[in-house]
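Undergrad: What follows is query-v6.tsv; its format and atoms are TSV, C-alpha atoms.
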```
chain	number	residue	atom	x	y	z
A	24	GLY	CA	15.88	-3.57	-3.74
A	25	ALA	CA	15.38	-5.64	-6.86
A	26	VAL	CA	13.55	-8.88	-6.38
A	27	VAL	CA	14.10	-10.14	-9.92
A	28	SER	CA	17.49	-10.16	-11.57
A	29	GLN	CA	17.80	-10.54	-15.32
A	30	HIS	CA	21.05	-10.67	-17.20
A	31	PRO	CA	22.70	-9.81	-19.34
A	32	SER	CA	21.18	-6.35	-19.66
A	33	TRP	CA	22.45	-6.13	-23.20
A	34	VAL	CA	24.17	-8.46	-25.63
A	35	ILE	CA	25.48	-8.27	-29.17
A	36	CYS	CA	25.97	-11.53	-31.02
A	37	LYS	CA	26.71	-12.76	-34.50
A	38	SER	CA	24.09	-14.32	-36.73
A	39	GLY	CA	23.84	-18.03	-36.22
A	40	THR	CA	24.98	-18.07	-32.63
A	41	SER	CA	22.85	-18.74	-29.56
A	42	VAL	CA	22.25	-16.42	-26.66
A	43	LYS	CA	21.07	-17.35	-23.18
A	44	ILE	CA	19.19	-14.90	-20.99
A	45	GLU	CA	18.68	-15.60	-17.30
A	46	CYS	CA	15.87	-14.48	-15.07
A	47	ARG	CA	16.31	-15.08	-11.37
A	48	SER	CA	13.98	-14.34	-8.49
A	49	LEU	CA	16.01	-13.21	-5.52
A	50	ASP	CA	13.89	-13.47	-2.43
A	51	PHE	CA	10.85	-15.55	-3.19
A	52	GLN	CA	9.87	-18.70	-5.00
A	53	ALA	CA	8.71	-17.97	-8.51
A	54	THR	CA	6.07	-20.48	-9.39
A	55	THR	CA	5.48	-18.96	-12.80
A	56	MET	CA	7.72	-16.95	-15.08
A	57	PHE	CA	6.68	-15.13	-18.23
A	58	TRP	CA	8.88	-14.07	-21.11
A	59	TYR	CA	8.01	-11.03	-23.18
A	60	ARG	CA	9.40	-9.46	-26.27
A	61	GLN	CA	9.18	-5.77	-27.03
A	62	PHE	CA	9.97	-4.14	-30.36
A	63	PRO	CA	10.87	-0.43	-30.39
A	64	LYS	CA	7.93	1.81	-29.57
A	65	GLN	CA	5.61	-1.16	-29.15
A	66	SER	CA	4.00	-2.93	-26.26
A	67	LEU	CA	5.09	-6.11	-24.55
A	68	MET	CA	4.13	-9.28	-26.36
A	69	LEU	CA	3.94	-12.45	-24.33
A	70	MET	CA	6.12	-15.18	-25.79
A	71	ALA	CA	5.72	-18.01	-23.31
A	72	THR	CA	4.76	-19.00	-19.81
A	73	SER	CA	6.90	-21.36	-17.80
A	74	ASN	CA	6.09	-23.21	-14.62
A	75	GLU	CA	8.80	-24.76	-12.53
A	76	GLY	CA	9.51	-28.34	-13.50
A	77	SER	CA	7.25	-28.46	-16.55
A	78	LYS	CA	7.44	-27.53	-20.19
A	79	ALA	CA	6.82	-23.96	-21.19
A	80	THR	CA	3.59	-22.94	-22.88
A	81	TYR	CA	4.24	-20.88	-25.96
A	82	GLU	CA	1.97	-18.25	-27.44
A	83	GLN	CA	0.72	-18.65	-30.97
A	84	GLY	CA	3.33	-17.76	-33.53
A	85	VAL	CA	6.32	-18.21	-31.22
A	86	GLU	CA	8.73	-20.90	-32.38
A	87	LYS	CA	9.47	-23.16	-29.45
A	88	ASP	CA	12.55	-24.61	-31.11
A	89	LYS	CA	13.99	-21.16	-31.60
A	90	PHE	CA	13.18	-19.75	-28.19
A	91	LEU	CA	14.07	-22.43	-25.67
A	92	ILE	CA	12.79	-21.88	-22.18
A	93	ASN	CA	13.97	-23.78	-19.15
A	94	HIS	CA	12.51	-23.33	-15.67
A	95	ALA	CA	14.54	-25.84	-13.75
A	96	SER	CA	14.12	-24.35	-10.30
A	97	LEU	CA	11.81	-22.06	-8.39
A	98	THR	CA	14.28	-19.22	-8.68
A	99	LEU	CA	15.65	-19.48	-12.19
A	100	SER	CA	14.28	-19.47	-15.73
A	101	THR	CA	16.35	-19.15	-18.87
A	102	LEU	CA	15.46	-18.11	-22.39
A	103	THR	CA	17.85	-19.25	-25.12
A	104	VAL	CA	17.57	-17.68	-28.54
A	105	THR	CA	19.00	-20.32	-30.84
A	106	SER	CA	20.62	-19.60	-34.19
A	107	ALA	CA	19.90	-15.92	-33.78
A	108	HIS	CA	19.18	-13.73	-36.79
A	109	PRO	CA	18.98	-9.94	-37.10
A	110	GLU	CA	15.18	-10.09	-36.95
A	111	ASP	CA	15.50	-11.55	-33.44
A	112	SER	CA	17.01	-8.27	-32.29
A	113	SER	CA	14.65	-6.97	-29.66
A	114	PHE	CA	14.15	-6.24	-25.99
A	115	TYR	CA	13.38	-9.34	-23.96
A	116	ILE	CA	12.02	-9.09	-20.45
A	117	CYS	CA	10.88	-11.60	-17.89
A	118	ARG	CA	8.07	-11.28	-15.40
A	119	VAL	CA	7.79	-13.35	-12.29
A	120	GLU	CA	4.79	-14.36	-10.22
A	121	GLY	CA	4.91	-15.96	-6.84
A	122	GLY	CA	5.32	-14.85	-3.30
A	123	THR	CA	2.51	-14.33	-0.87
A	124	GLY	CA	0.10	-11.68	0.22
A	125	ASP	CA	-0.17	-8.31	-1.42
A	126	ARG	CA	3.19	-8.53	-3.13
A	127	ASN	CA	1.77	-11.22	-5.38
A	128	THR	CA	-0.27	-8.61	-7.20
A	129	GLU	CA	2.76	-6.73	-8.41
A	130	ALA	CA	4.21	-9.40	-10.68
A	131	PHE	CA	7.81	-8.32	-10.69
A	132	PHE	CA	9.77	-7.71	-13.86
A	133	GLY	CA	13.40	-8.27	-14.61
A	134	GLN	CA	15.51	-5.40	-15.87
A	135	GLY	CA	15.26	-6.59	-19.46
A	136	THR	CA	17.83	-7.66	-22.05
A	137	ARG	CA	18.49	-5.74	-25.22
A	138	LEU	CA	19.62	-8.22	-27.87
A	139	THR	CA	21.29	-7.07	-31.05
A	140	VAL	CA	22.15	-9.65	-33.69
A	141	VAL	CA	24.65	-8.52	-36.29
B	12	ALA	CA	-10.97	-6.90	-29.83
B	13	GLN	CA	-8.35	-5.03	-27.86
B	14	LYS	CA	-8.45	-5.90	-24.21
B	15	ILE	CA	-6.56	-2.79	-23.16
B	16	THR	CA	-6.87	0.48	-25.04
B	17	GLN	CA	-4.62	3.45	-24.51
B	18	THR	CA	-5.65	6.15	-26.94
B	19	GLN	CA	-2.94	8.70	-26.19
B	20	PRO	CA	0.31	7.82	-27.96
B	21	GLY	CA	2.00	10.87	-26.47
B	22	MET	CA	1.31	13.43	-23.78
B	23	PHE	CA	3.02	16.59	-22.60
B	24	VAL	CA	2.66	18.07	-19.15
B	25	GLN	CA	4.22	21.04	-17.45
B	26	GLU	CA	6.38	20.29	-14.46
B	27	LYS	CA	4.40	20.40	-11.17
B	28	GLU	CA	1.09	20.03	-12.99
B	29	ALA	CA	-1.16	16.97	-12.84
B	30	VAL	CA	-1.73	14.69	-15.81
B	31	THR	CA	-4.22	11.93	-16.59
B	32	LEU	CA	-3.30	8.97	-18.76
B	33	ASP	CA	-6.29	7.17	-20.19
B	34	CYS	CA	-6.92	3.45	-20.17
B	35	THR	CA	-10.05	1.49	-21.03
B	36	TYR	CA	-10.39	-2.24	-20.84
B	37	ASP	CA	-12.62	-4.99	-22.12
B	38	THR	CA	-13.47	-8.10	-20.16
B	39	SER	CA	-16.43	-10.27	-19.33
B	40	ASP	CA	-14.82	-11.51	-16.13
B	41	GLN	CA	-16.17	-10.26	-12.83
B	42	SER	CA	-12.79	-10.69	-11.18
B	43	TYR	CA	-9.78	-8.95	-12.64
B	44	GLY	CA	-6.91	-6.69	-11.73
B	45	LEU	CA	-5.60	-3.56	-13.39
B	46	PHE	CA	-2.00	-2.41	-13.31
B	47	TRP	CA	0.01	0.59	-14.38
B	48	TYR	CA	3.70	0.32	-15.16
B	49	LYS	CA	6.30	2.93	-15.99
B	50	GLN	CA	9.05	2.16	-18.48
B	51	PRO	CA	11.88	4.69	-18.63
B	52	SER	CA	14.34	4.72	-21.52
B	53	SER	CA	16.48	2.15	-19.72
B	54	GLY	CA	13.76	-0.41	-20.43
B	55	GLU	CA	12.94	-1.70	-16.98
B	56	MET	CA	9.28	-2.03	-16.08
B	57	ILE	CA	8.43	-0.30	-12.84
B	58	PHE	CA	5.20	-1.23	-11.08
B	59	LEU	CA	3.23	1.85	-10.08
B	60	ILE	CA	-0.24	0.93	-8.90
B	61	TYR	CA	-2.80	-1.86	-8.77
B	62	GLN	CA	-6.61	-1.85	-8.66
B	63	GLY	CA	-8.68	-4.95	-8.05
B	64	SER	CA	-12.10	-5.17	-9.64
B	65	TYR	CA	-13.73	-5.59	-6.26
B	66	ASP	CA	-11.89	-2.72	-4.63
B	67	GLU	CA	-14.42	-0.07	-3.78
B	68	GLN	CA	-11.93	2.71	-3.31
B	69	ASN	CA	-9.60	4.08	-5.95
B	70	ALA	CA	-6.03	2.95	-5.45
B	71	THR	CA	-3.43	5.53	-4.51
B	72	GLU	CA	0.34	5.27	-4.21
B	73	GLY	CA	2.06	8.52	-3.40
B	74	ARG	CA	1.67	10.84	-6.39
B	75	TYR	CA	-0.11	8.14	-8.38
B	76	SER	CA	-3.81	7.49	-8.20
B	77	LEU	CA	-6.04	5.32	-10.30
B	78	ASN	CA	-9.41	6.70	-11.32
B	79	PHE	CA	-11.38	3.48	-11.51
B	80	GLN	CA	-14.78	3.71	-13.17
B	81	LYS	CA	-16.03	0.17	-13.35
B	82	ALA	CA	-19.24	0.83	-15.29
B	83	ARG	CA	-17.30	2.65	-17.97
B	84	LYS	CA	-14.47	0.10	-17.83
B	85	SER	CA	-11.87	2.75	-17.46
B	86	ALA	CA	-8.80	2.87	-15.23
B	87	ASN	CA	-7.07	6.16	-15.80
B	88	LEU	CA	-3.78	6.96	-14.11
B	89	VAL	CA	-3.46	10.35	-12.51
B	90	ILE	CA	0.01	11.67	-11.74
B	91	SER	CA	0.01	14.71	-9.50
B	92	ALA	CA	2.79	17.29	-9.27
B	93	SER	CA	4.66	15.97	-12.30
B	94	GLN	CA	8.42	15.77	-12.11
B	95	LEU	CA	11.01	15.64	-14.88
B	96	GLY	CA	11.78	12.09	-13.87
B	97	ASP	CA	8.24	11.09	-14.73
B	98	SER	CA	9.07	11.30	-18.43
B	99	ALA	CA	8.70	7.72	-19.66
B	100	MET	CA	6.38	5.26	-21.35
B	101	TYR	CA	3.38	4.24	-19.28
B	102	PHE	CA	1.58	0.96	-19.79
B	103	CYS	CA	-1.83	-0.04	-18.56
B	104	ALA	CA	-2.33	-3.77	-18.08
B	105	MET	CA	-4.99	-6.21	-16.97
B	106	ARG	CA	-5.06	-9.70	-15.56
B	107	GLU	CA	-8.35	-11.54	-15.81
B	108	ARG	CA	-9.16	-14.36	-13.43
B	109	SER	CA	-10.13	-16.66	-16.30
B	110	TYR	CA	-7.08	-15.86	-18.42
B	111	GLN	CA	-4.35	-15.58	-15.79
B	112	LYS	CA	-2.04	-13.76	-18.18
B	113	VAL	CA	-1.38	-10.07	-18.07
B	114	THR	CA	-2.36	-8.15	-21.20
B	115	PHE	CA	-0.68	-4.83	-21.90
B	116	GLY	CA	-1.85	-1.75	-23.75
B	117	ILE	CA	0.34	-0.09	-26.36
B	118	GLY	CA	1.50	2.58	-23.97
B	119	THR	CA	1.52	6.34	-23.66
B	120	LYS	CA	4.70	8.34	-23.87
B	121	LEU	CA	4.70	11.10	-21.28
B	122	GLN	CA	7.06	14.02	-21.50
B	123	VAL	CA	7.34	16.48	-18.65
B	124	ILE	CA	8.33	19.97	-19.69
B	125	PRO	CA	10.36	22.15	-17.33
```
When written as structure tokens, how does the structure in this file appear?

TA:
Amino acid sequence: GAVVSQHPSWVICKSGTSVKIECRSLDFQATTMFWYRQFPKQSLMLMATSNEGSKATYEQGVEKDKFLINHASLTLSTLTVTSAHPEDSSFYICRVEGGTGDRNTEAFFGQGTRLTVV
Amino acid sequence: AQKITQTQPGMFVQEKEAVTLDCTYDTSDQSYGLFWYKQPSSGEMIFLIYQGSYDEQNATEGRYSLNFQKARKSANLVISASQLGDSAMYFCAMRERSYQKVTFGIGTKLQVIP
């Protein structure tokens, strides 16, 4: 079964509103969570890395005030797209690292969230 | 320089045939891991197979095998006995010990023909 739950799986919002996306690890403690963005027919681009209890580390070119990341517990990280605009429309997906043994090498992904800003 | 190179934007394969998806990588680390993921149209990323740089044997997982040629820095994915459900995007990825972040290639779109 799924070990990482991400929701919502899709969302449509109006320009100027904020959208929160949750990424939850279900059966292990996620020490690190990664947020990616994927435009159509392109690869995954890392946006930020978050460690539980500390501030997220953003990749170059990613606006930290626009994409707020909170990793308040070992099982939950949230990405909030603030004041969304149509150009923020994309597929957002989280990846989780943690666990022990061989499973640690798999780095589980959430199911992804397709955001459309109208 | 690209860390992960996938040179095949699209591939076709006949059902029940085998197919090889190419992946080359660039790193100066001695310790690294290579991954392959499948992404169907639904968007989820499905882990397929992992190869560690120190693994002497090629990784295999069911119908998936990884043809690891360390000297050539290649990590091709071989899918045997293709099925219609294998039609998807396939991404090669690498995690370097020094970098600790996974870098993805641009992907290869595989279409299985009945």

Undergrad: Restricting the calculation to all atoms listed in the file, which member of A:Val119, A:Leu67, A:Ala107, A:Val27 is positioned closest to A:Val141?

TA: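 Comparing A:Val119, A:Leu67, A:Ala107, A:Val27 against A:Val141, the winner is A:Ala107.
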
Undergrad: Contacts from chain B to chain A, 9 Å maximum, only C-alpha atoms: show me the residue list as JSON, numbers by chain.

TA: {"B": [44, 46, 53, 54, 55, 56, 57, 58, 59, 60, 61, 102, 112, 113, 114, 115, 116, 117, 118]}

Undergrad: Report as a tab-separated table the residues of stretch 43-111 of chain B within 10 Å of stretch 21-38 of chain B, each with its shortest atom pair and distance in Å (one decimal), using only C-alpha atoms, ordered by chain and increasing residue number.

TA:
```
residue	atom	partner	partner_atom	distance
B:Tyr43	CA	B:Thr38	CA	8.4
B:Leu45	CA	B:Tyr36	CA	9.0
B:Trp47	CA	B:Cys34	CA	9.5
B:Arg74	CA	B:Ala29	CA	9.3
B:Tyr75	CA	B:Thr31	CA	9.9
B:Ser76	CA	B:Thr31	CA	9.5
B:Leu77	CA	B:Thr31	CA	9.3
B:Asn78	CA	B:Thr31	CA	9.1
B:Phe79	CA	B:Cys34	CA	9.7
B:Gln80	CA	B:Thr35	CA	9.4
B:Lys81	CA	B:Tyr36	CA	9.7
B:Arg83	CA	B:Thr35	CA	8.0
B:Lys84	CA	B:Tyr36	CA	5.6
B:Ser85	CA	B:Thr35	CA	4.2
B:Ala86	CA	B:Cys34	CA	5.3
B:Asn87	CA	B:Asp33	CA	4.6
B:Leu88	CA	B:Leu32	CA	5.1
B:Val89	CA	B:Thr31	CA	4.4
B:Ile90	CA	B:Val30	CA	5.4
B:Ser91	CA	B:Ala29	CA	4.2
B:Ala92	CA	B:Lys27	CA	4.0
B:Ser93	CA	B:Lys27	CA	4.6
B:Gln94	CA	B:Glu26	CA	5.5
B:Leu95	CA	B:Glu26	CA	6.6
B:Gly96	CA	B:Glu26	CA	9.8
B:Asp97	CA	B:Glu26	CA	9.4
B:Ser98	CA	B:Phe23	CA	9.1
B:Met100	CA	B:Gly21	CA	8.8
B:Tyr101	CA	B:Leu32	CA	8.2
B:Phe102	CA	B:Cys34	CA	8.9
B:Cys103	CA	B:Cys34	CA	6.4
B:Ala104	CA	B:Tyr36	CA	8.7
B:Met105	CA	B:Tyr36	CA	7.7
B:Arg106	CA	B:Thr38	CA	9.7
B:Glu107	CA	B:Thr38	CA	7.5
B:Ser109	CA	B:Thr38	CA	10.0
```

Undergrad: Between atom CA of A:Val140 and atom CA of A:Trp58, what is the spacing in Å?

TA: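 Atom CA of A:Val140 lies at a distance of 18.8 Å from atom CA of A:Trp58.
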
Undergrad: What is the atom CA of A:Gln29 to atom CA of B:Ser52 distance in Å?

TA: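 Here the two named atoms are 16.8 Å from each other.
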
Undergrad: How far is it from atom CA of A:Phe90 to atom CA of A:Thr105, in Å with one decimal?

TA: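 Straight-line distance from atom CA of A:Phe90 to atom CA of A:Thr105 works out to 6.4 Å.
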